[in-house]
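For reference, the structure is listed below as structure tokens.
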Amino acid sequence: MAIFLALFLQGCQSNKSIANQHDGHFQNETDLERPNILWLVTEDMGAYIPPFGDPTIETPNLSRLANEGVVYPHLYSTSGVCAPSRAAIATGMYPSGIGANHMRTNSYMDKTGLPAYEAVPPPEVKMISELLRSNGYYCTNNYKTDYQFKAPVTAWDDNSPYAHWRNRKGDQPFFSVFNFTETHESGLFEPYGHRYIETRYHHLGDTTFVWKRDRMSEEETPKHVSKDIKFKVPPYLPDNNVVQRDMWKLYNNIAEMDRQVGQVLKQLEDDGLLENTIIFFYGDHGGPLPREKRLIYDSGLNTPLIIRFPSGVNAGTKDNRLISFVDFAPTLLSFINVQPPKYLQGQAFLGKYKVKNKRKYIHAAADRFDAETDAIRAVRSERFKYIRNYRPEKGYYLPIQYRERIPTMQELLRLREEGSLDSIQEQWFRDGKPKDELFDCINDPYELNNLAENSEYDYMLNELKFEMDRWLVSIGDQPNLPEKKLINQLWKGKGAQPHTETPKIQFDDTSQIALSVKTEGASIGFKLIHEDGEIPKSWTIYKEPLTNLKKGDTLLVQAHRLGFKPSKVINKVF
């Protein structure tokens with residue numbers, strides 16, 4: 001405990017604006033031309049850890065990362081749920097502008113009566129991992145995707161539970177993503193137990209390790225947190241034994257995630273790569289509890305971000321700028337000294353192409369969740385948030401069956417039926433909601449006091465209304481468009497998901513082989529199999545004509561545009 005307190009106090013004492021640079025070969029975030037980039041991504045993560053002001057439990061690995069890095073308290077997801085958020089991260093595009101905001105585009109279709117579909121970004125849009133691969137990076141994802149579209153074969157060198165930077169060739173720079181799922185809301189369900197698949201983090205690099213299916217029993221599950229702690233409960237939830245147990249599960253899951261993060265960091269350090277790697281830790285949206293996940297209050301959008309730079313640059317500092325998930329893609333390109341393409345809707349907040357002016361607003365959207373549909377948009381400045389409800393006749397609470405497996409949600413419904421909720425807890429269950437809501441997020445962090453009818457705040461209400469209108473037009477968002485019509489637009493009125501055309505293999509007089517495809521914006525991937533029969537694990541991104549093919553070689557080719565069905569695989573033997 002003494003070590004934890006020392007780390008925590010050190011973090012508090014160094015919680016200052018970025019200023020001092022540190023000695024070492026890496027003096028600022030633009031010094032390394034081709035740094036390795038490591039993303040540590042957890043699920044359903046509010047500010048429940050010491051670096052973000054919650055000292056309830058110890059998280060030694062995240063606390064070390066924060067003490068050696070920069071804490072960003074104002075990262076916001078574009079949605080309060082994972083798939084739309086991950087679409088934004090993967091593409092640098094707002095999900096509500098590319099058909100990616102309904103949760104999910106391929107599930108609960110038996111309830112909606114609609115066909116499964118995929119988001120369809122503009123043709124120039126590529127996944128950020130593909131852009132990094134095109135610039136020589138070895139890119140891995142371990143292992144969650146959930147992008148609202150099928151990732152093309154050109155997206156990753158390895159996308160699996162065994163994916164790791166250690167599988168690259170030589171000293172190739174890498175972009176490696178590790179997803180930690182223990183903190184997901186399903187980790188609050190009963191019977192309680194950790195997921196066996198997550199034990200792989202204690203065996204990373206061992207491709208022979210096999211885990212059991214499903215979850216451990218509670219008896220098998222590691223107990224990192226005492227059940228005797230009296231946990232602080234947010235005011236929108238009741239404080240009783242049921243909720244206290246869910247809070248224990250929440251913190252125990254975070255503690256296990258912290259251990260898993262530590263395993264990855266240890267491997268990075270053991271490999272001698274710590275000081276050549278920029279490390280991100282973040283969540284895919286806000287917390288897992290009722291009135292957190294899926295909501296576009298800060299409790300559903302705000303998630304921790306820590307970035308550690310090599311050589312202690314800006315170590316132990318805090319940066320209070322507003323950051324959106326759409327900013328991640330341009331920032332990664334900026335880190336590797338590649339100018340972000342103009343189609344990206346975010347802005348680089350670090351690196352060579354860092355924008356001069358900090359972001360003034362973040363934006364978010366909520367639409368269908370499983371079988372329940374709403375239409376809500378939000379814009380937030382440093383202090384105020386404006387929420388526009390396009391279906392004010394609907395209450396905020398939606399009867400989402402998956403969420404109702406959380407005991408706290410069951411308890412809320414029981415107490416509502418009993419008439420035992422207090423005035424704050426009852427707010428979520430109102431029959432309808434105002435068309436316009438305005439909250440002072442500094443003085444009212446739980447967003448309980450709507451200021452939209454208070455004339456003293458008309459200036460701010462009008463400013464944020466104007467900004468929302470500008471944003472909606474700029475990204476092509478149609479907030480109250482029925483999902484059926486959205487699908488029709490994505491499919492250009494053809495009644496079926498578009499297909500990527502079959503790629504062509506062409507020969508010229510110099511024995512070069514050119515690959516092409518008619519589908520605008522489609523990426524082409526290929527595998528070259530030599531006569532010895534060894535099949536490459538990764539698909540190579542086609543960029544220029546191929547040479548030096550020999551008799552007996554086999555060429556596999558596939559084309560794929562995001563949101564379209566991939567082409568069939570062409571198999572050509574020479």
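If you're wondering about the labels, chains in the structure tokens are A, B, ... by order shown, residues count from 1 in each chain, ligands from 1 in order shown.
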Check your understanding: If you run DSSP on the backbone, which residues of region 182-422 of chain A are helix (DSSP H, G or I), as an NGL selection string?
Key -> :A and (185-188 or 196-202 or 241-270 or 274-276 or 298-301 or 310-312 or 325-335 or 403-405 or 407-418)
Discussion item. Can you pull out the residues contacting Phe574 (chain A)? Cut-off 6 Å, using only C-alpha atoms, and skip same-chain residues under 3 positions away; I want them as a list in words.
Written reply: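 Counting only C-alpha atoms, the residues come to Lys551, Gly552 and Asp553 of chain A.
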Keeping N, CA and C atoms, export the residues of the selection given above as a PDB file, in the first residue's frame.
ATOM      1  N   LYS A 551       8.224 -19.928 -62.871  1.00  0.00           N
ATOM      2  CA  LYS A 551       7.326 -21.001 -63.269  1.00  0.00           C
ATOM      3  C   LYS A 551       7.007 -21.885 -62.064  1.00  0.00           C
ATOM      4  N   GLY A 552       5.753 -22.167 -61.867  1.00  0.00           N
ATOM      5  CA  GLY A 552       5.319 -22.965 -60.726  1.00  0.00           C
ATOM      6  C   GLY A 552       4.825 -22.132 -59.556  1.00  0.00           C
ATOM      7  N   ASP A 553       5.110 -20.817 -59.590  1.00  0.00           N
ATOM      8  CA  ASP A 553       4.607 -19.936 -58.527  1.00  0.00           C
ATOM      9  C   ASP A 553       3.097 -19.775 -58.652  1.00  0.00           C
TER      10      ASP A 553
END
Residues within 7 Å of Asp477 (chain A), only C-alpha atoms, excluding chain neighbours under 2 positions, as a list in words:
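Non-adjacent residues within range: Ser96, Gly97, Leu472, Val473, Ile475 and Pro479 of chain A.
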- Message: Measuring between only C-alpha atoms, which one of A:Ser423, A:Thr373, A:Asn141, A:Gln489 shows the shortest distance to Val41 (chain A)?
- Response: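 So, comparing all the options, the nearest one is A:Asn141.
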Between A:Pro60, A:Gly99, A:Pro152, A:Pro536, smallest distance to Ala119 (chain A) by only C-alpha atoms belongs to A:Gly99
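Among A:Val243, A:Ile37, A:Gly187, A:Arg215, the residue with the shortest atom-to-atom distance to Phe174 (chain A), counting only C-alpha atoms, is A:Ile37.
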Checklist entry - Which neighbours of region 287-303 of chain A fall inside 6 Å, counting only C-alpha atoms, when residues of the same chain fewer than 3 positions from it are skipped, and could you give them as a PyMOL selection string? => result chain A and resi 44-46+75-77+80-81+185+283
12 Å contact set for Leu398 (chain A), only C-alpha atoms, chain neighbours under 6 positions out, as a ChimeraX atom specification:
/A:290-291,293-295,367-374,404,409,413,428-432
